[in-house]
Amino acid sequence: MTNSKDDNNNTTKNSESTPQKTPHPFDPHTLMWMMMIFAVYSIFSSISGSKTPEISYTDFKKAVISNQVSSISFRGDQIYGIYSDEGVDKPKIFHTVIPSTPDTELLPLLEIKGVNISAKSSADPPWLTILVGIVPWLLILAFFLYSSRMLQQRLGGGGKDGFMGISKSKAKLFETKDNEIGYDDVAGVEGAKQDLQEIIDYLKTPEEFQKLGARMPRGILLMGPPGTGKTMLAKATAHEAGVPFFSISGSEFIEMFVGIGASRVRDLFKEARAKAPALIFVDEIDSVGRVRGTGLGGGNDEREQTLNQILAEMDGFSVDEAVVVLAATNRPDVLDPALLRPGRFDRKVTLELPLQNARIEILKVHTRKVPIALDFDYKELASMTVGFSGADLANLVNEAALSAARKKADIVTKDDFNQAHDKIIMGSERKDLLNPSERKRTAVHESGHAIAALFLPNSDPLRQVSIIPRGRALGVTEQLPAEDRHNYTQSYLETRLSVMLGGRVGEKIVLDDTSSGASNDLEQATHLAKMMVTQWGMSDAIGPIHFKVGSEHPFLGYEIQQEKDFSEETATKIDQEIHRIIKEAEKTTFAILLDHREDLDQLVEELLNKETLDIYMIEEILKHKD
Ligand code: ADP
Ligand code: ZN
């Protein structure tokens, strides 16, 4: 997608999706225990602790002397009493403690004052007193015993099953009957399905293969960007083969204590063997399977032990154990080579972001249960969604359905899909308004991008321009690639640079000033120019040489981690070339915008009126200019 957002908004999708689970010191069990203790303690203290306010013995006697007490009751070493009349801020009842040396004056005094006297043996029954005193302590003791035992179990790497199952595998198990996702539901990945067909046959009838002494692959690596259906495909493979499906994420192996991961692996494979033929799916294998000992991403013992255990388990499969492991990653580049050796994950199945036809298929799968209006065109939507993953498409359909539901419609229309599309790629519209001068500047900026995109040769077609703030962007100019591109020509990239700079150049021409709103454009442009020079050999001064630079792939969006492999002298030259390429692109932009100055002004005016213009409206406007 080549939509340029402004304001410091980063459009590159971050495909690093290996969330590190931070283990917290209190697991749910511990918390539950603590809450229980607290609850019990407060119940007991509310039974025992009386609600009647306590007063001092002296105050009590003063009250009796001044005729304020109507009746009292002796209970053990306490006196409970009722005042003869309630004051505004005085409670009706009270209690006080009798001093340990007997007060011989009290009884006669009470009699003289005509206070009604009664007596009970003790404040609380004795069993309650004992209970109240002891139970909380017992509970606290039990809690300490419990937690120290748990800690021991954790550090010991788990006894039988580990206390509270801490070393249990945590894998989710889908029995055959619960797994309803089949190959019908995974669309547009025909190649991958074919690659996995052999595994299905094997899991269906392992005996046939064992009879012939064939050695089946034990591990298959599913590689591809997030959301391309790796998990889904693994699950569907288990479904097609009719075998149980164990699913776990690499990050779930890792816990606070060393040794847990390894024992979880052991447990998982034990369970799967017991149910063989079976399929194990390990998502995010890179979170345990990174190159060992590099310190990349922590490089801790726990991860290495877990990885070693996985390798040991896979080596330990005997021929008659039909267990296949599918592992998914979007970072094949960081995997430990030991994982990829024969007998381990020696087969690779690659999933790519879906192309036009695959997107149509995926959209069809996800709209099976959605009532769609007749004006809806799969092909059109598919061409608007270049670069979307399967998950993005599923999300798009869902957003469209939600948008229709909000309107209480019975049917999902093309308009709903368009709105969902805009929301996904540009973020939700923001309600806060720009002040008039900001609004004008945004209109100029976006028109600059738009005019450059419209009139430069080789540019991706314009789809729409908008000055409605969305997400963190103040405005958006959206272009649609006419086709899926795998390859970028130099002239295409140069045009792209010029379009990226269009916003800033527009501001400079119309407002004779630039603003910070262009910073994201500049970041993208600089990055692209750097790639052109260092990776794609598009600078004559430097020549067709590939340099290692730590940077992000501008379109795939993932980080390439590399050591710098060139001299300072070359670095200076690279910087000069990046500078030159950008300056040249800027020159082109100036030329095209000055050439179309009238169009630019016209577009600014209409944008300020209508806020959003699609390509048809833009063509109308520019045709009708005087
Ligand atoms: P990954 O494991 O590669 O990150 P998932 O398998 O979790 O991706 O996909 C997430 C969701 O995206 C799926 O539940 C499904 O709804 C949708 N999806 C992804 N790829 C496809 C596809 N090829 N066909 C149909 N739906 C897909
Ligand atoms: Zn911009």
# chains A, B, ... in the order shown; residues from 1 in each chain; ligands from 1
call {"tool": "residues_near_ligand", "arguments": {"ligand": "ligand 2", "cutoff": "12 Å", "atoms": "only C-alpha atoms and all ligand atoms", "output": "VMD selection string"}}
result
chain A and resid 2 to 11 441 to 450 452 to 453 465 to 467 473 to 478 497 to 507 514 to 525
call {"tool": "residues_around", "arguments": {"residues": "A:Val265", "least_positions_apart": "2", "cutoff": "9 Å", "atoms": "only C-alpha atoms", "output": "list in words"}}
result
Ser167, Lys168, Ser169, Phe253, Ile260, Gly261, Ala262, Ser263, Asp267, Leu268, Phe269, Lys270, Thr306, Leu307, Gln309, Ile310 and Glu313 of chain A
call {"tool": "atom_distance", "arguments": {"atom1": "atom CA of A:Thr205", "atom2": "atom CA of A:Ala272"}}
result
16.8 Å
call {"tool": "closest_residue", "arguments": {"among": "A:Ala312, A:Ala391, A:Leu593, A:Val365", "to": "A:Gly343", "atoms": "only C-alpha atoms"}}
result
A:Ala312
call {"tool": "closest_atom_pairs", "arguments": {"of": "chain A", "to": "ligand 1", "cutoff": "6 Å", "atoms": "only C-alpha atoms and all ligand atoms", "output": "Markdown table"}}
result
| residue | atom | partner | partner_atom_place_in_ligand_line | distance |
| --- | --- | --- | --- | --- |
| A:Asp185 | CA | ligand 1 | 25 (C) | 5.6 |
| A:Val186 | CA | ligand 1 | 24 (N) | 3.7 |
| A:Ala187 | CA | ligand 1 | 24 (N) | 3.9 |
| A:Gly188 | CA | ligand 1 | 23 (N) | 5.4 |
| A:Val189 | CA | ligand 1 | 23 (N) | 5.8 |
| A:Pro226 | CA | ligand 1 | 4 (O) | 3.9 |
| A:Gly227 | CA | ligand 1 | 8 (O) | 3.4 |
| A:Thr228 | CA | ligand 1 | 3 (O) | 4.0 |
| A:Gly229 | CA | ligand 1 | 6 (O) | 3.1 |
| A:Lys230 | CA | ligand 1 | 3 (O) | 3.7 |
| A:Thr231 | CA | ligand 1 | 6 (O) | 3.7 |
| A:Met232 | CA | ligand 1 | 6 (O) | 3.8 |
| A:Ile362 | CA | ligand 1 | 24 (N) | 4.8 |
| A:Gly390 | CA | ligand 1 | 19 (C) | 3.5 |
| A:Ala391 | CA | ligand 1 | 12 (O) | 3.0 |
| A:Ala394 | CA | ligand 1 | 16 (O) | 5.2 |
call {"tool": "write_last_selection", "arguments": {"atoms": "C-alpha atoms", "output": "PDB file, in the first residue's frame"}}
result
ATOM      1  CA  ASP A 185     -11.466 -22.488   5.035  1.00  0.00           C
ATOM      2  CA  VAL A 186      -7.892 -21.668   4.160  1.00  0.00           C
ATOM      3  CA  ALA A 187      -7.932 -19.867   0.855  1.00  0.00           C
ATOM      4  CA  GLY A 188      -5.330 -18.835  -1.640  1.00  0.00           C
ATOM      5  CA  VAL A 189      -2.492 -20.999  -0.354  1.00  0.00           C
ATOM      6  CA  PRO A 226       1.970 -12.495  10.487  1.00  0.00           C
ATOM      7  CA  GLY A 227      -1.634 -13.170   9.609  1.00  0.00           C
ATOM      8  CA  THR A 228      -0.957 -15.223   6.498  1.00  0.00           C
ATOM      9  CA  GLY A 229      -2.711 -18.231   7.956  1.00  0.00           C
ATOM     10  CA  LYS A 230       0.101 -20.335   9.415  1.00  0.00           C
ATOM     11  CA  THR A 231      -1.831 -21.299  12.518  1.00  0.00           C
ATOM     12  CA  MET A 232      -4.942 -21.870  10.509  1.00  0.00           C
ATOM     13  CA  ILE A 362      -9.987 -15.259   1.118  1.00  0.00           C
ATOM     14  CA  GLY A 390      -5.440 -12.973   5.360  1.00  0.00           C
ATOM     15  CA  ALA A 391      -5.964 -11.736   8.883  1.00  0.00           C
ATOM     16  CA  ALA A 394     -10.845 -11.189   7.787  1.00  0.00           C
TER      17      ALA A 394
END
call {"tool": "select_by_dssp", "arguments": {"residues": "stretch 69-111 of chain A", "states": "strand (DSSP E)", "output": "ChimeraX atom specification"}}
result
/A:69-75,78-83,93-97
call {"tool": "residues_around", "arguments": {"residues": "stretch 398-413 of chain A", "least_positions_apart": "4", "cutoff": "6 Å", "atoms": "only C-alpha atoms", "output": "list of chain:residue names"}}
result
A:Pro371, A:Ile372, A:Ala373, A:Phe417, A:Ala420
call {"tool": "write_last_selection", "arguments": {"atoms": "C-alpha atoms", "output": "compact mmCIF listing (two decimals), in the first residue's frame"}}
result
# COMPACT_ATOMS: atom_id res chain seq x y z
CA PRO A 371 -25.27 -11.08 3.60
CA ILE A 372 -23.70 -8.79 1.02
CA ALA A 373 -25.38 -6.23 -1.20
CA PHE A 417 -16.59 -2.15 2.98
CA ALA A 420 -13.97 -0.42 6.91
call {"tool": "closest_residue", "arguments": {"among": "A:Glu611, A:Asp315, A:Glu105, A:Glu252", "to": "A:Ile65", "atoms": "only C-alpha atoms"}}
result
A:Glu105
call {"tool": "atom_distance", "arguments": {"atom1": "atom CA of A:Glu429", "atom2": "atom CA of A:Arg470"}}
result
4.3 Å
